[in-house]
$ cat final39.tsv   # TSV, C-alpha atoms
chain	number	residue	atom	x	y	z
A	1	MET	CA	-53.59	0.62	50.85
A	2	LYS	CA	-49.93	0.32	50.11
A	3	LYS	CA	-48.50	2.73	47.59
A	4	VAL	CA	-45.61	1.84	45.31
A	5	PHE	CA	-43.37	4.62	44.07
A	6	LEU	CA	-40.95	4.12	41.19
A	7	ILE	CA	-38.23	6.75	41.12
A	8	LEU	CA	-35.59	7.02	38.41
A	9	ILE	CA	-32.41	8.66	39.70
A	10	LEU	CA	-29.06	9.16	37.96
A	11	LEU	CA	-26.43	7.80	40.35
A	12	PHE	CA	-22.96	6.58	39.25
A	13	GLY	CA	-24.15	3.67	37.15
A	14	SER	CA	-25.35	1.56	40.08
A	15	VAL	CA	-28.78	0.11	40.89
A	16	PHE	CA	-30.09	0.09	44.45
A	17	LEU	CA	-33.30	-1.37	45.93
A	18	PHE	CA	-34.69	0.00	49.14
A	19	GLY	CA	-37.42	-2.19	50.73
A	20	GLY	CA	-39.91	-0.93	53.30
A	21	CYS	CA	-43.24	-1.77	54.71
A	22	ASP	CA	-45.14	0.69	52.63
A	23	GLU	CA	-42.94	1.48	49.63
A	24	GLU	CA	-40.31	0.25	47.21
A	25	VAL	CA	-37.87	2.73	45.67
A	26	TYR	CA	-35.68	1.93	42.62
A	27	ILE	CA	-32.65	4.08	41.83
A	28	VAL	CA	-31.25	3.52	38.33
A	29	ARG	CA	-28.50	5.45	36.54
A	30	SER	CA	-28.70	6.21	32.78
A	31	ASP	CA	-26.00	4.83	30.48
A	32	TYR	CA	-23.00	7.14	30.22
A	33	THR	CA	-20.71	4.64	28.47
A	34	PRO	CA	-19.90	5.64	24.85
A	35	PRO	CA	-19.70	3.08	22.04
A	36	SER	CA	-16.31	1.83	20.96
A	37	VAL	CA	-14.45	3.82	18.32
A	38	PRO	CA	-15.21	2.60	14.76
A	39	LYS	CA	-12.22	0.63	13.50
A	40	GLY	CA	-10.72	-0.16	10.13
A	41	LEU	CA	-11.96	2.86	8.21
A	42	TYR	CA	-10.79	2.74	4.60
A	43	SER	CA	-11.84	4.26	1.30
A	44	ILE	CA	-12.14	3.20	-2.32
A	45	THR	CA	-11.45	5.76	-5.00
A	46	ALA	CA	-14.04	6.17	-7.73
A	47	ASP	CA	-15.06	8.57	-10.46
A	48	GLU	CA	-16.64	11.58	-8.68
A	49	ALA	CA	-17.33	9.40	-5.63
A	50	VAL	CA	-15.59	8.02	-2.54
A	51	TYR	CA	-16.67	4.72	-0.98
A	52	LEU	CA	-16.11	4.38	2.78
A	53	PHE	CA	-16.10	1.13	4.76
A	54	TRP	CA	-15.34	0.23	8.39
A	55	GLU	CA	-15.97	-2.50	10.98
A	56	GLU	CA	-19.43	-2.72	12.55
A	57	ASN	CA	-19.99	-1.85	16.22
A	58	ASP	CA	-21.57	-4.63	18.29
A	59	GLU	CA	-23.01	-2.70	21.26
A	60	LYS	CA	-26.62	-3.64	22.04
A	61	ASP	CA	-27.61	0.01	22.40
A	62	PHE	CA	-25.87	1.14	19.20
A	63	LYS	CA	-27.92	3.64	17.20
A	64	GLU	CA	-25.98	5.17	14.29
A	65	TYR	CA	-22.73	6.36	12.76
A	66	ARG	CA	-21.93	9.99	12.05
A	67	ILE	CA	-19.54	10.75	9.21
A	68	TYR	CA	-17.32	13.82	9.14
A	69	ARG	CA	-15.31	15.22	6.25
A	70	ARG	CA	-12.62	17.83	5.73
A	71	VAL	CA	-11.53	19.15	2.37
A	72	GLU	CA	-7.80	19.63	1.85
A	73	GLY	CA	-6.97	23.20	2.82
A	74	ASP	CA	-9.82	23.52	5.35
A	75	ASP	CA	-9.23	23.63	9.11
A	76	TYR	CA	-12.33	21.84	10.34
A	77	TYR	CA	-14.30	18.65	9.85
A	78	TYR	CA	-18.01	18.94	9.11
A	79	ARG	CA	-20.67	16.28	9.53
A	80	ILE	CA	-21.92	15.14	6.12
A	81	ALA	CA	-24.06	12.10	6.88
A	82	ILE	CA	-25.70	9.78	9.41
A	83	THR	CA	-26.03	6.07	8.66
A	84	LYS	CA	-26.85	2.86	10.51
A	85	THR	CA	-24.61	0.67	8.34
A	86	ALA	CA	-20.81	0.47	8.32
A	87	GLU	CA	-20.47	1.93	4.84
A	88	TYR	CA	-21.18	5.15	3.01
A	89	VAL	CA	-20.75	6.62	-0.47
A	90	ASP	CA	-19.86	10.29	-0.71
A	91	TRP	CA	-21.19	11.51	-4.06
A	92	ASP	CA	-20.67	15.18	-3.22
A	93	VAL	CA	-17.04	15.29	-4.35
A	94	GLU	CA	-15.00	16.53	-7.28
A	95	ASN	CA	-12.26	14.65	-9.11
A	96	GLY	CA	-8.76	15.82	-8.27
A	97	ILE	CA	-9.62	17.20	-4.80
A	98	THR	CA	-8.42	15.37	-1.67
A	99	TYR	CA	-10.95	14.65	1.09
A	100	PHE	CA	-10.31	13.48	4.66
A	101	TYR	CA	-12.88	11.36	6.53
A	102	ALA	CA	-13.54	10.25	10.12
A	103	VAL	CA	-16.45	8.36	11.71
A	104	ILE	CA	-17.95	8.30	15.22
A	105	ALA	CA	-20.47	5.87	16.71
A	106	ARG	CA	-23.50	7.00	18.72
A	107	ASP	CA	-25.79	4.98	21.00
A	108	ARG	CA	-29.47	5.36	21.94
A	109	HIS	CA	-28.56	7.33	25.08
A	110	GLY	CA	-26.74	10.02	23.11
A	111	ASN	CA	-23.22	8.86	23.98
A	112	GLU	CA	-20.67	9.30	21.22
A	113	SER	CA	-17.35	7.57	20.64
A	114	ASP	CA	-14.11	9.33	19.81
A	115	PHE	CA	-13.27	9.87	16.17
A	116	SER	CA	-11.97	6.96	14.16
A	117	ASP	CA	-8.62	7.03	12.41
A	118	VAL	CA	-8.65	9.30	9.38
A	119	ALA	CA	-8.92	7.98	5.82
A	120	TRP	CA	-8.28	10.23	2.84
A	121	ASP	CA	-9.08	9.97	-0.82
A	122	THR	CA	-8.78	11.80	-4.12
A	123	PRO	CA	-11.50	10.84	-6.64
A	124	ARG	CA	-10.38	10.41	-10.25
A	125	PRO	CA	-12.09	9.81	-13.61
A	126	GLU	CA	-12.28	6.38	-15.18
A	127	GLY	CA	-13.67	4.72	-18.29
A	128	PHE	CA	-14.54	1.28	-19.60
A	129	GLY	CA	-14.35	-0.61	-22.87
A	130	ARG	CA	-12.03	1.77	-24.72
A	131	VAL	CA	-10.32	0.51	-27.89
A	132	ILE	CA	-7.09	1.51	-29.63
A	133	GLN	CA	-5.68	-0.17	-32.75
A	134	ASP	CA	-2.36	-1.05	-34.31
A	135	TYR	CA	-0.64	2.14	-35.44
A	136	HIS	CA	0.69	0.55	-38.66
A	137	ARG	CA	-2.81	-0.17	-39.95
A	138	TYR	CA	-4.92	2.42	-38.14
A	139	PRO	CA	-2.67	5.37	-37.21
A	140	ASN	CA	-5.57	7.72	-36.49
A	141	THR	CA	-7.06	5.45	-33.80
A	142	SER	CA	-3.94	4.00	-32.21
A	143	GLY	CA	-3.05	6.64	-29.60
A	144	TYR	CA	-4.77	7.52	-26.33
A	145	ASP	CA	-4.93	10.63	-24.13
A	146	PHE	CA	-5.97	9.74	-20.56
A	147	SER	CA	-6.57	13.34	-19.49
A	148	LYS	CA	-9.23	13.81	-22.18
A	149	ASP	CA	-10.38	10.18	-22.49
A	150	LYS	CA	-9.75	10.47	-26.19
A	151	VAL	CA	-8.46	8.20	-28.97
A	152	LEU	CA	-5.89	10.03	-31.12
A	153	HIS	CA	-3.34	9.64	-33.91
A	154	TYR	CA	-0.34	7.79	-32.52
A	155	ASP	CA	2.03	10.75	-32.92
A	156	ASP	CA	-0.40	13.39	-31.62
A	157	TRP	CA	1.33	15.51	-28.99
A	158	ASN	CA	-1.48	14.85	-26.51
A	159	ALA	CA	-1.29	11.07	-26.82
A	160	ASP	CA	0.24	9.28	-23.82
A	161	ILE	CA	0.48	5.80	-25.33
A	162	TYR	CA	-0.10	4.02	-28.64
A	163	LEU	CA	-0.56	0.42	-29.75
A	164	ASP	CA	1.91	-1.54	-31.88
A	165	TYR	CA	1.24	-5.01	-33.33
A	166	ASP	CA	4.26	-7.07	-34.37
A	167	ASP	CA	3.25	-9.25	-37.32
A	168	TYR	CA	6.31	-11.48	-37.08
A	169	TYR	CA	5.75	-12.49	-33.45
A	170	GLY	CA	2.00	-11.94	-33.38
A	171	VAL	CA	2.30	-9.82	-30.24
A	172	TYR	CA	0.84	-6.44	-29.21
A	173	PHE	CA	2.90	-3.77	-27.45
A	174	LEU	CA	1.88	-0.64	-25.53
A	175	CYS	CA	4.36	2.13	-26.30
A	176	VAL	CA	4.86	5.55	-24.73
A	177	THR	CA	4.88	8.50	-27.09
A	178	ASP	CA	8.06	10.20	-25.80
A	179	ASP	CA	10.99	9.75	-23.43
A	180	SER	CA	9.29	11.81	-20.71
A	181	THR	CA	6.42	9.32	-20.31
A	182	ASP	CA	6.92	6.04	-18.43
A	183	ILE	CA	5.04	2.75	-18.46
A	184	GLN	CA	5.20	-0.55	-16.57
A	185	ASP	CA	3.44	-3.92	-16.52
A	186	PHE	CA	1.80	-4.30	-13.09
A	187	GLY	CA	0.99	-7.95	-13.78
A	188	TYR	CA	-2.24	-9.92	-13.73
A	189	THR	CA	-5.20	-8.41	-11.86
A	190	ASP	CA	-8.78	-9.54	-11.42
A	191	TYR	CA	-10.10	-5.99	-11.53
A	192	LEU	CA	-8.93	-2.51	-12.50
A	193	ASP	CA	-9.08	-1.40	-8.87
A	194	ASP	CA	-6.56	-4.05	-7.83
A	195	VAL	CA	-4.01	-1.38	-8.74
A	196	ASN	CA	-4.14	1.04	-5.82
A	197	VAL	CA	-1.07	3.22	-6.15
A	198	ALA	CA	1.64	3.86	-8.72
A	199	PRO	CA	4.96	2.40	-7.51
A	200	GLU	CA	8.13	4.43	-7.44
A	201	THR	CA	10.20	1.90	-9.37
A	202	GLY	CA	9.73	-0.75	-12.03
A	203	TRP	CA	9.30	1.49	-15.08
A	204	SER	CA	10.24	0.04	-18.45
A	205	GLU	CA	13.60	1.22	-19.73
A	206	LEU	CA	12.54	0.30	-23.28
A	207	GLY	CA	9.53	2.58	-23.49
A	208	TRP	CA	7.16	-0.30	-24.28
A	209	VAL	CA	5.61	-3.38	-22.68
A	210	GLU	CA	3.97	-6.48	-24.09
A	211	VAL	CA	0.17	-6.51	-23.97
A	212	ILE	CA	-1.17	-9.51	-22.04
A	213	LEU	CA	-4.83	-10.27	-21.46
A	214	GLY	CA	-5.84	-9.57	-17.85
A	215	HIS	CA	-2.72	-7.56	-17.06
A	216	SER	CA	-2.83	-4.02	-15.69
A	217	TYR	CA	-0.42	-1.28	-16.73
A	218	ILE	CA	0.58	1.98	-15.08
A	219	ILE	CA	1.52	5.14	-16.97
A	220	TRP	CA	3.41	8.15	-15.62
A	221	THR	CA	2.73	11.01	-18.02
A	222	ARG	CA	5.13	13.71	-19.11
A	223	ASP	CA	3.16	16.32	-17.12
A	224	ASN	CA	3.40	14.33	-13.84
A	225	HIS	CA	0.05	12.56	-13.71
A	226	PHE	CA	-0.61	8.87	-13.18
A	227	ALA	CA	-2.96	6.58	-15.08
A	228	LYS	CA	-3.69	2.88	-15.25
A	229	LEU	CA	-5.40	0.49	-17.62
A	230	ARG	CA	-6.42	-3.16	-17.59
A	231	VAL	CA	-6.59	-5.21	-20.79
A	232	LYS	CA	-9.99	-6.87	-21.22
A	233	GLY	CA	-9.69	-8.31	-24.71
A	234	PHE	CA	-8.74	-7.96	-28.36
A	235	THR	CA	-10.67	-7.08	-31.50
A	236	ARG	CA	-10.49	-8.65	-34.95
A	237	SER	CA	-9.36	-5.30	-36.33
A	238	TYR	CA	-6.00	-5.37	-34.53
A	239	GLY	CA	-7.32	-3.55	-31.46
A	240	VAL	CA	-7.01	-3.84	-27.70
A	241	ILE	CA	-9.97	-3.34	-25.33
A	242	PHE	CA	-9.21	-1.83	-21.93
A	243	ASP	CA	-10.60	-0.08	-18.84
A	244	TRP	CA	-8.74	2.91	-17.45
A	245	ALA	CA	-8.45	5.48	-14.64
A	246	TYR	CA	-6.56	8.77	-14.51
A	247	GLN	CA	-5.50	10.83	-11.49
A	248	VAL	CA	-6.13	14.51	-12.23
A	249	ASP	CA	-4.38	15.59	-9.02
A	250	TRP	CA	-0.85	16.60	-10.06
A	251	GLY	CA	1.84	14.26	-8.70
A	252	ASN	CA	-0.65	12.13	-6.74
A	253	PRO	CA	0.06	8.40	-7.30
A	254	GLU	CA	-3.16	7.22	-5.63
A	255	LEU	CA	-5.31	5.40	-8.16
A	256	ALA	CA	-7.78	3.12	-6.36
A	257	PRO	CA	-8.62	1.35	-3.06
A	258	ARG	CA	-6.27	1.77	-0.14
A	259	PRO	CA	-6.13	1.13	3.60
A	260	PRO	CA	-6.56	3.93	6.17
A	261	HIS	CA	-3.85	6.59	6.17
A	262	LYS	CA	-2.76	8.95	8.87
A	263	GLU	CA	-3.84	12.48	8.04
A	264	ASN	CA	-0.32	13.84	7.87
A	265	TYR	CA	0.81	11.28	5.27
A	266	LEU	CA	0.78	12.26	1.62
A	267	ARG	CA	3.37	11.18	-0.93
A	268	VAL	CA	3.72	13.62	-3.79
A	269	ALA	CA	5.77	12.42	-6.71
A	270	VAL	CA	7.87	14.81	-8.77
A	271	LYS	CA	8.36	14.00	-12.41
A	272	ARG	CA	12.03	13.64	-13.20
$ encode --input "final39.tsv" --output "structure tokens"
Amino acid sequence: MKKVFLILILLFGSVFLFGGCDEEVYIVRSDYTPPSVPKGLYSITADEAVYLFWEENDEKDFKEYRIYRRVEGDDYYYRIAITKTAEYVDWDVENGITYFYAVIARDRHGNESDFSDVAWDTPRPEGFGRVIQDYHRYPNTSGYDFSKDKVLHYDDWNADIYLDYDDYYGVYFLCVTDDSTDIQDFGYTDYLDDVNVAPETGWSELGWVEVILGHSYIIWTRDNHFAKLRVKGFTRSYGVIFDWAYQVDWGNPELAPRPPHKENYLRVAVKR
């Protein structure tokens, strides 16, 4: 009786077939080819969270992604998660601390790609549906402190901005509380996170800007922090409704989503 032997041999990625009268021998090499490097890694800043996204790998033997993170000041990256989808939310973060991320792809044979480009992010607090009112009529609820998420008297030292309603023109204005705080109208945005970074120029020389529904505004505080707000509506009691975000990291202008950054890039603004 003929005997058939099937032998699996690792040999340079080639497949050979030896035929004989009494036996057939197959020599097959395992897959040593790593997946392609994950591309397009970017992050979205959130409140005590960082959202990561990248392009999907299309290899047939793809298995999973492995996500690595380094905290600013550390020397090494550590693996924090494994996922099969091209997205991940890192909830284990603190506002005001910068985190660096990289992703590798792994296939079913254990091959791993090189690290992706690095994306970095600094989570920051945010809030929704806040209301401040005209300081002529409601002085105690017309100012706002972004660092404390608190409505204040318009001339409170901790207030960053206050609301002014002009009865003659029927127009609202956002005003800064002192000459060391700056403000600018970023223009119309669909969402609060359409504002990704505070620009270096474009600040109002008047110290106030007109309030327009759907517009976003950027504030540079006297103590060198950046904040943003988006106007969502108006109240019958001479108030403005807005969403906001505040960067607790000193001098860091990053406020929301952004494309991937090289690890050695970090713009730190210095308050003039």
$ closest_atom_pairs --input "final39.tsv" --of "stretch 118-192 of chain A" --to "stretch 37-60 of chain A" --cutoff "10 Å" --atoms "all atoms listed in the file" --output "JSON lines"
{"residue": "A:Val118", "atom": "CA", "partner": "A:Leu41", "partner_atom": "CA", "distance": 7.3}
{"residue": "A:Ala119", "atom": "CA", "partner": "A:Tyr42", "partner_atom": "CA", "distance": 5.7}
{"residue": "A:Trp120", "atom": "CA", "partner": "A:Ser43", "partner_atom": "CA", "distance": 7.1}
{"residue": "A:Asp121", "atom": "CA", "partner": "A:Thr45", "partner_atom": "CA", "distance": 6.4}
{"residue": "A:Thr122", "atom": "CA", "partner": "A:Thr45", "partner_atom": "CA", "distance": 6.7}
{"residue": "A:Pro123", "atom": "CA", "partner": "A:Thr45", "partner_atom": "CA", "distance": 5.3}
{"residue": "A:Arg124", "atom": "CA", "partner": "A:Asp47", "partner_atom": "CA", "distance": 5.0}
{"residue": "A:Pro125", "atom": "CA", "partner": "A:Asp47", "partner_atom": "CA", "distance": 4.5}
{"residue": "A:Glu126", "atom": "CA", "partner": "A:Asp47", "partner_atom": "CA", "distance": 5.9}
{"residue": "A:Gly127", "atom": "CA", "partner": "A:Asp47", "partner_atom": "CA", "distance": 8.8}
$ closest_residue --input "final39.tsv" --among "A:Trp244, A:Phe115, A:Tyr168, A:Tyr188" --to "A:Tyr144" --atoms "all atoms listed in the file"
A:Trp244
$ atom_distance --input "final39.tsv" --atom1 "atom CA of A:Lys232" --atom2 "atom CA of A:Val171"
15.5 Å
$ atom_distance --input "final39.tsv" --atom1 "atom CA of A:Trp208" --atom2 "atom CA of A:Pro139"
17.2 Å
$ atom_distance --input "final39.tsv" --atom1 "atom CA of A:Asp155" --atom2 "atom CA of A:Gly143"
7.3 Å
$ axis_aligned_box --input "final39.tsv" --around "stretch 55-62 of chain A" --padding-each-side "6 Å" --output "lines of an AutoDock Vina configuration file"
center_x = -21.8
center_y = -1.7
center_z = 16.7
size_x = 23.6
size_y = 17.8
size_z = 23.4
$ closest_residue --input "final39.tsv" --among "A:Asp156, A:Asp243, A:Glu112, A:Asp107" --to "A:Leu229" --atoms "only C-alpha atoms"
A:Asp243
$ residues_around --input "final39.tsv" --residues "A:Glu210" --least-positions-apart "4" --cutoff "9 Å" --atoms "all atoms listed in the file" --output "list in words"
Val171, Tyr172, Phe173, Leu174, Cys175 and Asp185 of chain A
$ closest_residue --input "final39.tsv" --among "A:Ala81, A:Val71, A:Val103, A:Ala227" --to "A:Ile161" --atoms "all atoms listed in the file"
A:Ala227
$ residues_around --input "final39.tsv" --residues "A:Gly73" --least-positions-apart "2" --cutoff "10 Å" --atoms "only C-alpha atoms" --output "PDB file with C-alpha atoms, in the frame of the given file"
ATOM      1  CA  ARG A  70     -12.620  17.830   5.730  1.00  0.00           C
ATOM      2  CA  VAL A  71     -11.530  19.150   2.370  1.00  0.00           C
ATOM      3  CA  ASP A  75      -9.230  23.630   9.110  1.00  0.00           C
ATOM      4  CA  TYR A  76     -12.330  21.840  10.340  1.00  0.00           C
ATOM      5  CA  THR A  98      -8.420  15.370  -1.670  1.00  0.00           C
ATOM      6  CA  TYR A  99     -10.950  14.650   1.090  1.00  0.00           C
TER       7      TYR A  99
END
$ closest_residue --input "final39.tsv" --among "A:Asp178, A:Asp149, A:Asp134, A:Glu200" --to "A:Asp166" --atoms "all atoms listed in the file"
A:Asp134
$ closest_residue --input "final39.tsv" --among "A:Thr181, A:Asn95, A:Tyr101, A:Gly239" --to "A:Arg79" --atoms "all atoms listed in the file"
A:Tyr101
$ closest_residue --input "final39.tsv" --among "A:Thr177, A:Gln247, A:Asn140, A:Thr189" --to "A:Arg222" --atoms "only C-alpha atoms"
A:Thr177
$ decode --input "final39.tsv" --residues "stretch 207-240 of chain A" --atoms "N, CA and C atoms" --output "short mmCIF file (atom, residue, chain, number, x, y, z; two decimals), in the first residue's frame"
data_model
loop_
_atom_site.label_atom_id
_atom_site.label_comp_id
_atom_site.auth_asym_id
_atom_site.auth_seq_id
_atom_site.Cartn_x
_atom_site.Cartn_y
_atom_site.Cartn_z
N GLY A 207 -11.05 94.66 22.13
CA GLY A 207 -11.37 94.00 23.38
C GLY A 207 -12.78 93.44 23.43
N TRP A 208 -13.48 93.44 22.29
CA TRP A 208 -14.82 92.86 22.22
C TRP A 208 -15.10 92.40 20.79
N VAL A 209 -16.05 91.49 20.66
CA VAL A 209 -16.49 90.99 19.37
C VAL A 209 -18.01 90.85 19.39
N GLU A 210 -18.62 90.99 18.23
CA GLU A 210 -20.07 90.82 18.14
C GLU A 210 -20.43 89.34 18.27
N VAL A 211 -21.51 89.06 18.98
CA VAL A 211 -21.98 87.69 19.16
C VAL A 211 -22.89 87.32 18.00
N ILE A 212 -22.53 86.24 17.28
CA ILE A 212 -23.31 85.79 16.12
C ILE A 212 -23.64 84.32 16.31
N LEU A 213 -24.87 83.95 16.11
CA LEU A 213 -25.31 82.57 16.27
C LEU A 213 -24.51 81.64 15.37
N GLY A 214 -23.98 80.55 15.94
CA GLY A 214 -23.22 79.59 15.17
C GLY A 214 -21.75 79.91 15.04
N HIS A 215 -21.32 81.08 15.49
CA HIS A 215 -19.90 81.43 15.43
C HIS A 215 -19.17 80.87 16.65
N SER A 216 -17.88 80.59 16.43
CA SER A 216 -17.00 80.18 17.53
C SER A 216 -16.03 81.30 17.83
N TYR A 217 -15.62 81.38 19.09
CA TYR A 217 -14.73 82.45 19.56
C TYR A 217 -13.59 81.84 20.37
N ILE A 218 -12.43 82.45 20.25
CA ILE A 218 -11.25 81.96 20.96
C ILE A 218 -10.79 83.03 21.95
N ILE A 219 -10.44 82.59 23.14
CA ILE A 219 -10.01 83.49 24.21
C ILE A 219 -8.60 83.10 24.65
N TRP A 220 -7.75 84.09 24.79
CA TRP A 220 -6.39 83.91 25.31
C TRP A 220 -6.35 84.63 26.66
N THR A 221 -6.31 83.89 27.74
CA THR A 221 -6.48 84.47 29.06
C THR A 221 -5.21 85.18 29.54
N ARG A 222 -5.39 85.98 30.56
CA ARG A 222 -4.27 86.76 31.09
C ARG A 222 -3.17 85.89 31.67
N ASP A 223 -3.51 84.65 32.09
CA ASP A 223 -2.51 83.75 32.65
C ASP A 223 -2.03 82.70 31.64
N ASN A 224 -2.17 83.03 30.34
CA ASN A 224 -1.59 82.24 29.24
C ASN A 224 -2.23 80.85 29.09
N HIS A 225 -3.55 80.83 29.10
CA HIS A 225 -4.31 79.64 28.74
C HIS A 225 -5.25 80.00 27.60
N PHE A 226 -5.66 78.95 26.86
CA PHE A 226 -6.55 79.18 25.73
C PHE A 226 -7.90 78.51 25.98
N ALA A 227 -8.95 79.17 25.51
CA ALA A 227 -10.30 78.63 25.62
C ALA A 227 -11.05 78.94 24.33
N LYS A 228 -12.17 78.26 24.15
CA LYS A 228 -13.02 78.52 22.99
C LYS A 228 -14.46 78.33 23.41
N LEU A 229 -15.36 78.97 22.67
CA LEU A 229 -16.78 78.77 22.88
C LEU A 229 -17.50 78.87 21.55
N ARG A 230 -18.66 78.23 21.46
CA ARG A 230 -19.49 78.30 20.27
C ARG A 230 -20.90 78.70 20.70
N VAL A 231 -21.43 79.73 20.07
CA VAL A 231 -22.76 80.25 20.42
C VAL A 231 -23.84 79.35 19.85
N LYS A 232 -24.71 78.84 20.73
CA LYS A 232 -25.78 77.93 20.32
C LYS A 232 -27.15 78.60 20.27
N GLY A 233 -27.31 79.71 20.99
CA GLY A 233 -28.62 80.35 20.98
C GLY A 233 -28.68 81.51 21.95
N PHE A 234 -29.89 82.07 22.07
CA PHE A 234 -30.13 83.21 22.95
C PHE A 234 -31.34 82.92 23.84
N THR A 235 -31.38 83.55 25.00
CA THR A 235 -32.51 83.40 25.90
C THR A 235 -33.36 84.66 25.89
N ARG A 236 -34.57 84.55 26.40
CA ARG A 236 -35.45 85.72 26.47
C ARG A 236 -35.00 86.71 27.53
N SER A 237 -34.17 86.22 28.45
CA SER A 237 -33.69 87.09 29.54
C SER A 237 -32.32 87.67 29.21
N TYR A 238 -32.13 88.09 27.97
CA TYR A 238 -30.91 88.75 27.53
C TYR A 238 -29.67 87.90 27.83
N GLY A 239 -29.74 86.62 27.48
CA GLY A 239 -28.62 85.71 27.70
C GLY A 239 -28.16 85.05 26.42
N VAL A 240 -26.94 84.55 26.46
CA VAL A 240 -26.35 83.79 25.35
C VAL A 240 -26.04 82.38 25.84
#
